[in-house]
file coords-v3.cif (mmCIF, C-alpha atoms)
data_coords
#
loop_
_atom_site.label_atom_id
_atom_site.label_comp_id
_atom_site.auth_asym_id
_atom_site.auth_seq_id
_atom_site.Cartn_x
_atom_site.Cartn_y
_atom_site.Cartn_z
CA MET F 1 72.10 105.23 95.94
CA GLY F 2 74.18 104.29 98.95
CA ARG F 3 77.34 105.64 100.46
CA ARG F 4 80.74 104.62 99.17
CA LEU F 5 83.87 103.42 100.87
CA ARG F 6 87.18 102.02 99.66
CA ILE F 7 88.55 98.71 100.84
CA MET F 8 91.96 97.32 100.02
CA THR F 9 93.69 93.98 100.50
CA TYR F 10 97.47 93.90 100.74
CA ASN F 11 99.99 91.17 101.47
CA ALA F 12 102.66 93.15 103.33
CA HIS F 13 105.34 90.42 103.21
CA SER F 14 106.32 91.16 106.83
CA CYS F 15 107.24 94.67 105.63
CA PHE F 16 110.26 93.32 103.73
CA GLY F 17 110.40 94.93 100.30
CA THR F 18 111.63 93.58 96.99
CA ASP F 19 114.84 95.45 97.78
CA ARG F 20 115.07 93.34 100.99
CA LYS F 21 114.71 96.39 103.21
CA LEU F 22 112.50 96.14 106.30
CA ASP F 23 110.25 99.22 106.46
CA PRO F 24 106.74 99.23 108.02
CA GLY F 25 106.55 102.97 107.30
CA ARG F 26 106.82 102.24 103.60
CA ILE F 27 103.87 99.83 103.78
CA ALA F 28 101.91 102.56 105.59
CA ALA F 29 102.87 105.04 102.86
CA VAL F 30 101.52 102.73 100.15
CA ILE F 31 98.25 102.37 102.08
CA ALA F 32 98.08 106.16 102.47
CA GLU F 33 98.52 106.56 98.71
CA CYS F 34 95.48 104.32 98.21
CA GLU F 35 93.28 106.36 100.61
CA ALA F 36 91.49 103.22 101.77
CA ASP F 37 88.84 103.26 104.52
CA ILE F 38 89.31 99.59 105.43
CA VAL F 39 92.59 97.70 104.98
CA ALA F 40 92.94 93.90 105.00
CA LEU F 41 96.58 92.97 105.62
CA GLN F 42 98.27 89.59 105.35
CA GLU F 43 101.75 88.42 106.40
CA VAL F 44 102.09 90.76 109.37
CA ASP F 45 104.71 90.14 112.08
CA VAL F 46 104.24 90.82 115.78
CA ALA F 47 107.18 90.44 118.17
CA ARG F 48 109.25 88.47 115.66
CA ALA F 49 113.02 88.67 115.91
CA ARG F 50 113.44 88.77 112.13
CA SER F 51 111.52 92.05 111.92
CA GLY F 52 112.89 93.80 114.98
CA GLY F 53 110.36 92.53 117.51
CA ILE F 54 107.77 95.23 116.84
CA ASP F 55 104.01 94.96 116.43
CA GLN F 56 103.79 95.67 112.70
CA ALA F 57 99.98 95.86 112.66
CA GLN F 58 99.96 98.51 115.36
CA ALA F 59 102.94 100.38 113.91
CA ILE F 60 101.27 100.65 110.49
CA ALA F 61 97.97 101.63 112.10
CA ASN F 62 99.71 104.35 114.11
CA HIS F 63 101.21 105.80 110.93
CA LEU F 64 97.70 106.02 109.47
CA SER F 65 95.81 107.12 112.62
CA MET F 66 93.80 103.89 112.45
CA ALA F 67 92.93 101.11 114.86
CA SER F 68 93.98 97.52 114.20
CA HIS F 69 92.72 94.00 114.85
CA PHE F 70 95.28 91.21 114.49
CA HIS F 71 95.01 87.42 114.41
CA PRO F 72 98.15 85.27 114.67
CA ALA F 73 97.71 82.26 112.40
CA LEU F 74 101.24 81.24 113.43
CA HIS F 75 102.30 81.47 117.08
CA LEU F 76 105.83 80.44 118.12
CA GLU F 77 106.37 81.27 121.80
CA GLU F 78 106.15 85.09 121.82
CA GLU F 79 106.49 85.45 118.04
CA ARG F 80 103.30 85.85 116.02
CA TYR F 81 102.47 86.12 112.32
CA GLY F 82 99.13 86.51 110.62
CA ASP F 83 96.41 88.82 109.32
CA ALA F 84 95.13 92.23 110.36
CA LEU F 85 92.32 94.66 109.68
CA LEU F 86 92.99 98.40 109.92
CA THR F 87 90.42 101.20 109.82
CA ALA F 88 89.53 104.53 111.40
CA LEU F 89 85.85 103.49 111.41
CA PRO F 90 84.18 101.97 114.49
CA THR F 91 84.73 98.21 114.76
CA ARG F 92 83.75 95.15 116.75
CA LEU F 93 85.80 91.96 116.64
CA VAL F 94 83.41 89.08 116.02
CA LYS F 95 85.79 86.16 115.61
CA ALA F 96 89.43 85.27 115.03
CA GLY F 97 90.49 81.70 114.52
CA GLY F 98 92.39 79.07 112.58
CA LEU F 99 91.50 77.29 109.36
CA PRO F 100 92.29 73.66 108.48
CA SER F 101 95.94 73.68 107.46
CA ARG F 102 98.37 71.11 106.15
CA GLY F 103 101.42 73.33 105.77
CA GLU F 104 101.88 76.75 107.31
CA PRO F 105 98.98 77.48 109.70
CA ARG F 106 96.32 79.76 108.24
CA GLY F 107 93.49 81.67 109.85
CA ALA F 108 90.78 84.28 109.41
CA LEU F 109 89.56 87.44 111.08
CA TRP F 110 85.91 88.57 111.23
CA VAL F 111 85.29 92.22 112.14
CA GLU F 112 81.98 94.07 112.14
CA VAL F 113 82.16 97.66 110.88
CA PRO F 114 78.99 99.74 111.39
CA PHE F 115 78.54 101.97 108.36
CA ASP F 116 75.49 104.21 107.99
CA ASP F 117 72.44 102.00 108.63
CA VAL F 118 74.14 98.67 107.93
CA LYS F 119 76.74 96.48 109.60
CA LEU F 120 79.59 95.47 107.31
CA GLN F 121 80.86 91.99 108.13
CA VAL F 122 84.47 92.04 106.93
CA PHE F 123 86.39 88.78 106.69
CA VAL F 124 90.18 88.82 106.22
CA THR F 125 92.15 85.69 105.34
CA HIS F 126 95.27 84.25 103.73
CA LEU F 127 94.81 80.79 102.22
CA GLY F 128 97.43 78.07 101.87
CA LEU F 129 99.79 77.15 99.05
CA PHE F 130 98.31 73.73 98.20
CA GLY F 131 95.13 73.32 96.16
CA ALA F 132 93.47 70.67 98.34
CA GLU F 133 94.34 72.65 101.47
CA ARG F 134 92.76 75.80 100.00
CA VAL F 135 89.58 73.88 99.22
CA ARG F 136 89.30 72.70 102.84
CA GLN F 137 89.98 76.22 104.09
CA THR F 138 87.38 77.70 101.72
CA GLU F 139 84.81 75.10 102.77
CA ALA F 140 85.44 76.12 106.37
CA LEU F 141 85.09 79.82 105.50
CA ILE F 142 81.74 79.38 103.76
CA GLY F 143 80.55 77.02 106.50
CA PRO F 144 78.54 77.72 109.68
CA GLY F 145 81.50 79.01 111.68
CA TRP F 146 82.20 81.92 109.36
CA LEU F 147 80.24 83.16 106.33
CA GLY F 148 77.43 80.69 106.99
CA ALA F 149 76.92 81.88 110.57
CA PRO F 150 73.71 83.72 111.55
CA MET F 151 74.01 87.44 110.80
CA PRO F 152 71.76 90.46 111.43
CA ASP F 153 69.30 91.49 108.70
CA ASP F 154 71.32 94.64 108.01
CA ALA F 155 74.57 92.71 107.47
CA ARG F 156 76.62 93.27 104.31
CA VAL F 157 79.46 90.81 103.67
CA VAL F 158 82.97 91.49 102.35
CA LEU F 159 85.77 88.90 102.14
CA ALA F 160 89.30 90.12 101.38
CA GLY F 161 92.69 88.52 101.29
CA ASP F 162 95.53 86.74 99.58
CA LEU F 163 93.80 83.56 98.45
CA ASN F 164 96.79 82.13 96.55
CA ALA F 165 94.15 81.19 93.98
CA VAL F 166 93.58 82.21 90.37
CA SER F 167 90.07 82.33 88.91
CA ARG F 168 90.21 78.81 87.46
CA SER F 169 91.10 77.20 90.80
CA PRO F 170 88.57 75.06 92.74
CA SER F 171 88.75 77.25 95.86
CA TYR F 172 87.97 80.39 93.84
CA ARG F 173 85.03 78.63 92.16
CA LEU F 174 83.69 77.64 95.57
CA LEU F 175 83.74 81.27 96.71
CA VAL F 176 82.01 82.68 93.63
CA ARG F 177 79.06 80.38 94.30
CA ARG F 178 78.53 82.32 97.53
CA LEU F 179 79.91 85.82 96.77
CA LYS F 180 80.74 88.08 93.83
CA ASP F 181 84.30 88.85 92.75
CA ALA F 182 84.43 92.63 93.20
CA GLN F 183 87.07 93.13 90.52
CA VAL F 184 84.90 91.28 87.98
CA GLU F 185 81.76 93.15 89.09
CA ALA F 186 83.46 96.53 88.70
CA GLY F 187 84.21 95.81 85.04
CA GLY F 188 87.29 96.77 83.10
CA ARG F 189 90.57 94.93 82.82
CA LEU F 190 91.32 92.33 85.48
CA ALA F 191 94.71 93.28 86.91
CA ALA F 192 97.25 90.96 88.54
CA THR F 193 98.84 91.62 91.94
CA PHE F 194 101.78 89.19 92.16
CA PRO F 195 104.73 89.43 91.90
CA SER F 196 104.87 93.17 92.41
CA ARG F 197 107.78 93.86 90.06
CA LEU F 198 106.12 92.05 87.15
CA PRO F 199 102.51 91.21 88.08
CA LEU F 200 101.36 88.00 86.39
CA LEU F 201 98.92 86.35 88.82
CA ARG F 202 95.57 87.58 90.14
CA ILE F 203 95.65 85.89 93.54
CA ASP F 204 94.64 88.75 95.87
CA HIS F 205 90.87 89.15 95.89
CA ILE F 206 87.93 91.05 97.35
CA PHE F 207 84.52 89.36 97.32
CA ILE F 208 81.18 91.02 98.11
CA GLY F 209 77.73 89.82 99.09
CA GLU F 210 74.21 91.10 98.47
CA GLY F 211 73.54 94.79 99.02
CA ILE F 212 77.02 95.86 97.92
CA ALA F 213 78.05 97.08 94.47
CA ALA F 214 81.62 97.38 93.20
CA ARG F 215 81.92 100.71 91.37
CA ARG F 216 85.66 100.69 90.68
CA ALA F 217 88.53 98.27 91.19
CA PHE F 218 92.22 98.90 90.65
CA VAL F 219 95.61 97.47 91.48
CA HIS F 220 97.83 100.17 92.96
CA ASP F 221 100.96 99.87 90.84
CA THR F 222 103.46 102.62 91.67
CA PRO F 223 107.26 102.63 92.09
CA LEU F 224 106.79 102.71 95.87
CA ALA F 225 104.31 99.81 95.85
CA ARG F 226 106.65 97.73 93.68
CA ARG F 227 109.42 98.14 96.27
CA ALA F 228 107.44 97.91 99.51
CA SER F 229 106.23 94.30 99.18
CA ASP F 230 106.23 91.36 96.79
CA HIS F 231 102.46 91.88 96.27
CA LEU F 232 100.63 94.93 94.95
CA PRO F 233 97.52 96.11 96.79
CA LEU F 234 94.06 95.62 95.30
CA CYS F 235 91.55 98.41 96.01
CA VAL F 236 87.79 98.45 95.40
CA ASP F 237 85.32 101.31 95.75
CA LEU F 238 82.13 99.84 97.21
CA GLU F 239 78.66 101.29 97.23
CA ILE F 240 76.66 100.06 100.19
CA ALA F 241 72.92 99.80 99.55
#

call {"tool": "encode", "arguments": {"input": "coords-v3.cif", "output": "structure tokens"}}
result
Amino acid sequence: MGRRLRIMTYNAHSCFGTDRKLDPGRIAAVIAECEADIVALQEVDVARARSGGIDQAQAIANHLSMASHFHPALHLEEERYGDALLTALPTRLVKAGGLPSRGEPRGALWVEVPFDDVKLQVFVTHLGLFGAERVRQTEALIGPGWLGAPMPDDARVVLAGDLNAVSRSPSYRLLVRRLKDAQVEAGGRLAATFPSRLPLLRIDHIFIGEGIAARRAFVHDTPLARRASDHLPLCVDLEIA
């Protein structure tokens, strides 16, 4: 038996809710409800005029007494937009970089999280809207620059994010050749995450590698979560061997 931790992936929609209100504190409150140890966030604004010029990743982390790592997939002068990882656990940033993109620029974040006697390698990403683009991005992710890179013997791999991909899509099928879908591994009903008011699509995913078991997976569907963003968060309880 190993120790357990909870990871969640959450598209924060720049902290604009389905009621059109801008409220980073509300996103933090949803995360707090989930009691996650590691949080993978997508669609986070930093210094963007539309969201008041604040660093949303840091603001949310401050609410939760966590540290944050942020990668701007999109960079327009001083305005940035991208993905973040939040946790109160020790971390080391391994890599942050772009992925091949045809439309809106996309990227990924690789953070090492020491946990007991292993080193979790946590990858956070947000894939594109077009099928062929997602395939190229997934091929890059499983290639030598990311998941295929040399890793220590005690590494345990987790990939989390908004993949804009359902289970029948080519990019999803590429990933399940390399990793296990944590929601499938946990058993039970597969729950959708988008759109938050009436979830129909399972496009937010957490994947796990060898040495990790998914003991429970759930989509956090509460009145607050339905208002805070256009996605619902997906949470998985992992047991690390």

call {"tool": "closest_residue", "arguments": {"input": "coords-v3.cif", "among": "F:Arg4, F:Lys119, F:Lys180, F:Arg48", "to": "Leu74 of chain F", "atoms": "all atoms listed in the file"}}
result
F:Arg48

call {"tool": "residues_around", "arguments": {"input": "coords-v3.cif", "residues": "segment 8-19 of chain F", "least_positions_apart": "4", "cutoff": "8 Å", "atoms": "only C-alpha atoms", "output": "PyMOL selection string"}}
result
chain F and resi 23-24+26-27+36+38-45+51+56+160-162+197+204-206+226-236

call {"tool": "atom_distance", "arguments": {"input": "coords-v3.cif", "atom1": "atom CA of Val46 of chain F", "atom2": "atom CA of Leu76 of chain F"}}
result
10.8 Å

call {"tool": "closest_residue", "arguments": {"input": "coords-v3.cif", "among": "F:Val158, F:Ala192, F:Ala96, F:Ala28", "to": "Ala213 of chain F", "atoms": "all atoms listed in the file"}}
result
F:Val158

call {"tool": "resolve_selection", "arguments": {"input": "coords-v3.cif", "expression": "the PyMOL selection byres ((chain F and resi 69) around 8)", "output": "list in words"}}
result
Ala57, Ala67, Ser68, Phe70, His71, Ala84, Leu85, Leu86 and Leu93 of chain F

call {"tool": "closest_residue", "arguments": {"input": "coords-v3.cif", "among": "F:Leu198, F:Ala132, F:Val124, F:Leu89", "to": "Arg102 of chain F", "atoms": "all atoms listed in the file"}}
result
F:Ala132

call {"tool": "resolve_selection", "arguments": {"input": "coords-v3.cif", "expression": "the PyMOL selection byres ((chain F and resi 183) around 10)", "output": "PyMOL selection string"}}
result
chain F and resi 180-182+184-191+205-208+214-219+234-237

call {"tool": "resolve_selection", "arguments": {"input": "coords-v3.cif", "expression": "the PyMOL selection byres ((chain F and resi 100) around 8)", "output": "PyMOL selection string"}}
result
chain F and resi 98-99+101-102+105-106+133+136-137+140

call {"tool": "atom_distance", "arguments": {"input": "coords-v3.cif", "atom1": "atom CA of Glu35 of chain F", "atom2": "atom CA of Ala88 of chain F"}}
result
11.6 Å

call {"tool": "closest_residue", "arguments": {"input": "coords-v3.cif", "among": "F:Ala59, F:Ile212, F:Ala225, F:Val135", "to": "Val118 of chain F", "atoms": "only C-alpha atoms"}}
result
F:Ile212

call {"tool": "residues_near_point", "arguments": {"input": "coords-v3.cif", "point": "(85.5, 91.9, 109.2)", "cutoff": "7 Å", "atoms": "all atoms listed in the file", "output": "PDB file with C-alpha atoms, in the frame of the given file"}}
result
ATOM      1  CA  LEU F 109      89.560  87.440 111.080  1.00  0.00           C
ATOM      2  CA  TRP F 110      85.910  88.570 111.230  1.00  0.00           C
ATOM      3  CA  VAL F 111      85.290  92.220 112.140  1.00  0.00           C
ATOM      4  CA  GLU F 112      81.980  94.070 112.140  1.00  0.00           C
ATOM      5  CA  VAL F 113      82.160  97.660 110.880  1.00  0.00           C
ATOM      6  CA  GLN F 121      80.860  91.990 108.130  1.00  0.00           C
ATOM      7  CA  VAL F 122      84.470  92.040 106.930  1.00  0.00           C
ATOM      8  CA  PHE F 123      86.390  88.780 106.690  1.00  0.00           C
ATOM      9  CA  VAL F 124      90.180  88.820 106.220  1.00  0.00           C
TER      10      VAL F 124
END

call {"tool": "atom_distance", "arguments": {"input": "coords-v3.cif", "atom1": "atom CA of Glu139 of chain F", "atom2": "atom CA of His220 of chain F"}}
result
29.9 Å

call {"tool": "closest_residue", "arguments": {"input": "coords-v3.cif", "among": "F:Gly131, F:Pro72, F:Gly143, F:Gly211", "to": "Asp55 of chain F", "atoms": "only C-alpha atoms"}}
result
F:Pro72

call {"tool": "closest_residue", "arguments": {"input": "coords-v3.cif", "among": "F:Ser171, F:Asn164, F:Thr138, F:Asn62", "to": "Phe194 of chain F", "atoms": "only C-alpha atoms"}}
result
F:Asn164

call {"tool": "build_atoms", "arguments": {"input": "coords-v3.cif", "residues": "segment 176-187 of chain F", "atoms": "all heavy atoms", "output": "PDB file, in the frame of the given file"}}
result
ATOM      1  N   VAL F 176      82.908  81.924  94.504  1.00  0.00           N
ATOM      2  CA  VAL F 176      82.010  82.680  93.630  1.00  0.00           C
ATOM      3  C   VAL F 176      80.612  82.072  93.564  1.00  0.00           C
ATOM      4  O   VAL F 176      79.702  82.687  93.009  1.00  0.00           O
ATOM      5  CB  VAL F 176      82.587  82.887  92.210  1.00  0.00           C
ATOM      6  CG1 VAL F 176      83.797  83.793  92.246  1.00  0.00           C
ATOM      7  CG2 VAL F 176      82.909  81.565  91.541  1.00  0.00           C
ATOM      8  N   ARG F 177      80.416  80.907  94.131  1.00  0.00           N
ATOM      9  CA  ARG F 177      79.060  80.380  94.300  1.00  0.00           C
ATOM     10  C   ARG F 177      78.325  81.114  95.420  1.00  0.00           C
ATOM     11  O   ARG F 177      77.102  81.141  95.463  1.00  0.00           O
ATOM     12  CB  ARG F 177      79.091  78.889  94.608  1.00  0.00           C
ATOM     13  CG  ARG F 177      79.589  78.012  93.488  1.00  0.00           C
ATOM     14  CD  ARG F 177      79.647  76.568  93.950  1.00  0.00           C
ATOM     15  NE  ARG F 177      80.393  75.733  93.021  1.00  0.00           N
ATOM     16  CZ  ARG F 177      80.784  74.495  93.289  1.00  0.00           C
ATOM     17  NH1 ARG F 177      80.499  73.954  94.486  1.00  0.00           N
ATOM     18  NH2 ARG F 177      81.459  73.791  92.397  1.00  0.00           N
ATOM     19  N   ARG F 178      79.107  81.677  96.337  1.00  0.00           N
ATOM     20  CA  ARG F 178      78.530  82.320  97.530  1.00  0.00           C
ATOM     21  C   ARG F 178      78.603  83.853  97.455  1.00  0.00           C
ATOM     22  O   ARG F 178      77.722  84.542  97.957  1.00  0.00           O
ATOM     23  CB  ARG F 178      79.314  81.810  98.756  1.00  0.00           C
ATOM     24  CG  ARG F 178      78.998  82.472 100.084  1.00  0.00           C
ATOM     25  CD  ARG F 178      77.665  82.008 100.633  1.00  0.00           C
ATOM     26  NE  ARG F 178      77.500  82.414 102.018  1.00  0.00           N
ATOM     27  CZ  ARG F 178      77.212  83.645 102.424  1.00  0.00           C
ATOM     28  NH1 ARG F 178      77.085  84.621 101.546  1.00  0.00           N
ATOM     29  NH2 ARG F 178      77.051  83.899 103.712  1.00  0.00           N
ATOM     30  N   LEU F 179      79.663  84.379  96.816  1.00  0.00           N
ATOM     31  CA  LEU F 179      79.910  85.820  96.770  1.00  0.00           C
ATOM     32  C   LEU F 179      80.303  86.236  95.365  1.00  0.00           C
ATOM     33  O   LEU F 179      80.620  85.399  94.518  1.00  0.00           O
ATOM     34  CB  LEU F 179      81.025  86.188  97.763  1.00  0.00           C
ATOM     35  CG  LEU F 179      80.796  85.862  99.238  1.00  0.00           C
ATOM     36  CD1 LEU F 179      82.094  86.026 100.012  1.00  0.00           C
ATOM     37  CD2 LEU F 179      79.705  86.730  99.832  1.00  0.00           C
ATOM     38  N   LYS F 180      80.335  87.536  95.125  1.00  0.00           N
ATOM     39  CA  LYS F 180      80.740  88.080  93.830  1.00  0.00           C
ATOM     40  C   LYS F 180      82.177  88.597  93.908  1.00  0.00           C
ATOM     41  O   LYS F 180      82.551  89.233  94.890  1.00  0.00           O
ATOM     42  CB  LYS F 180      79.805  89.236  93.434  1.00  0.00           C
ATOM     43  CG  LYS F 180      78.350  88.836  93.255  1.00  0.00           C
ATOM     44  CD  LYS F 180      77.461  90.046  93.017  1.00  0.00           C
ATOM     45  CE  LYS F 180      77.310  90.904  94.267  1.00  0.00           C
ATOM     46  NZ  LYS F 180      76.331  92.009  94.090  1.00  0.00           N
ATOM     47  N   ASP F 181      82.943  88.324  92.865  1.00  0.00           N
ATOM     48  CA  ASP F 181      84.300  88.850  92.750  1.00  0.00           C
ATOM     49  C   ASP F 181      84.187  90.336  92.430  1.00  0.00           C
ATOM     50  O   ASP F 181      83.718  90.722  91.359  1.00  0.00           O
ATOM     51  CB  ASP F 181      85.045  88.102  91.645  1.00  0.00           C
ATOM     52  CG  ASP F 181      86.498  88.536  91.496  1.00  0.00           C
ATOM     53  OD1 ASP F 181      86.823  89.694  91.821  1.00  0.00           O
ATOM     54  OD2 ASP F 181      87.303  87.719  91.021  1.00  0.00           O
ATOM     55  N   ALA F 182      84.624  91.186  93.345  1.00  0.00           N
ATOM     56  CA  ALA F 182      84.430  92.630  93.200  1.00  0.00           C
ATOM     57  C   ALA F 182      85.167  93.179  91.979  1.00  0.00           C
ATOM     58  O   ALA F 182      84.677  94.100  91.315  1.00  0.00           O
ATOM     59  CB  ALA F 182      84.883  93.359  94.458  1.00  0.00           C
ATOM     60  N   GLN F 183      86.318  92.630  91.667  1.00  0.00           N
ATOM     61  CA  GLN F 183      87.070  93.130  90.520  1.00  0.00           C
ATOM     62  C   GLN F 183      86.327  92.806  89.210  1.00  0.00           C
ATOM     63  O   GLN F 183      86.289  93.630  88.295  1.00  0.00           O
ATOM     64  CB  GLN F 183      88.485  92.521  90.493  1.00  0.00           C
ATOM     65  CG  GLN F 183      89.470  93.394  89.748  1.00  0.00           C
ATOM     66  CD  GLN F 183      90.895  92.876  89.685  1.00  0.00           C
ATOM     67  OE1 GLN F 183      91.650  93.337  88.842  1.00  0.00           O
ATOM     68  NE2 GLN F 183      91.276  91.954  90.542  1.00  0.00           N
ATOM     69  N   VAL F 184      85.703  91.646  89.152  1.00  0.00           N
ATOM     70  CA  VAL F 184      84.900  91.280  87.980  1.00  0.00           C
ATOM     71  C   VAL F 184      83.656  92.162  87.906  1.00  0.00           C
ATOM     72  O   VAL F 184      83.290  92.681  86.842  1.00  0.00           O
ATOM     73  CB  VAL F 184      84.504  89.790  88.041  1.00  0.00           C
ATOM     74  CG1 VAL F 184      83.512  89.447  86.930  1.00  0.00           C
ATOM     75  CG2 VAL F 184      85.742  88.907  87.949  1.00  0.00           C
ATOM     76  N   GLU F 185      82.990  92.359  89.056  1.00  0.00           N
ATOM     77  CA  GLU F 185      81.760  93.150  89.090  1.00  0.00           C
ATOM     78  C   GLU F 185      81.998  94.601  88.692  1.00  0.00           C
ATOM     79  O   GLU F 185      81.132  95.232  88.082  1.00  0.00           O
ATOM     80  CB  GLU F 185      81.148  93.104  90.498  1.00  0.00           C
ATOM     81  CG  GLU F 185      80.566  91.764  90.890  1.00  0.00           C
ATOM     82  CD  GLU F 185      79.370  91.376  90.039  1.00  0.00           C
ATOM     83  OE1 GLU F 185      78.454  92.204  89.912  1.00  0.00           O
ATOM     84  OE2 GLU F 185      79.371  90.258  89.491  1.00  0.00           O
ATOM     85  N   ALA F 186      83.166  95.131  89.013  1.00  0.00           N
ATOM     86  CA  ALA F 186      83.460  96.530  88.700  1.00  0.00           C
ATOM     87  C   ALA F 186      83.677  96.756  87.210  1.00  0.00           C
ATOM     88  O   ALA F 186      83.572  97.890  86.724  1.00  0.00           O
ATOM     89  CB  ALA F 186      84.690  96.995  89.490  1.00  0.00           C
ATOM     90  N   GLY F 187      83.974  95.686  86.473  1.00  0.00           N
ATOM     91  CA  GLY F 187      84.210  95.810  85.040  1.00  0.00           C
ATOM     92  C   GLY F 187      85.626  96.291  84.748  1.00  0.00           C
ATOM     93  O   GLY F 187      86.406  96.610  85.644  1.00  0.00           O
TER      94      GLY F 187
END
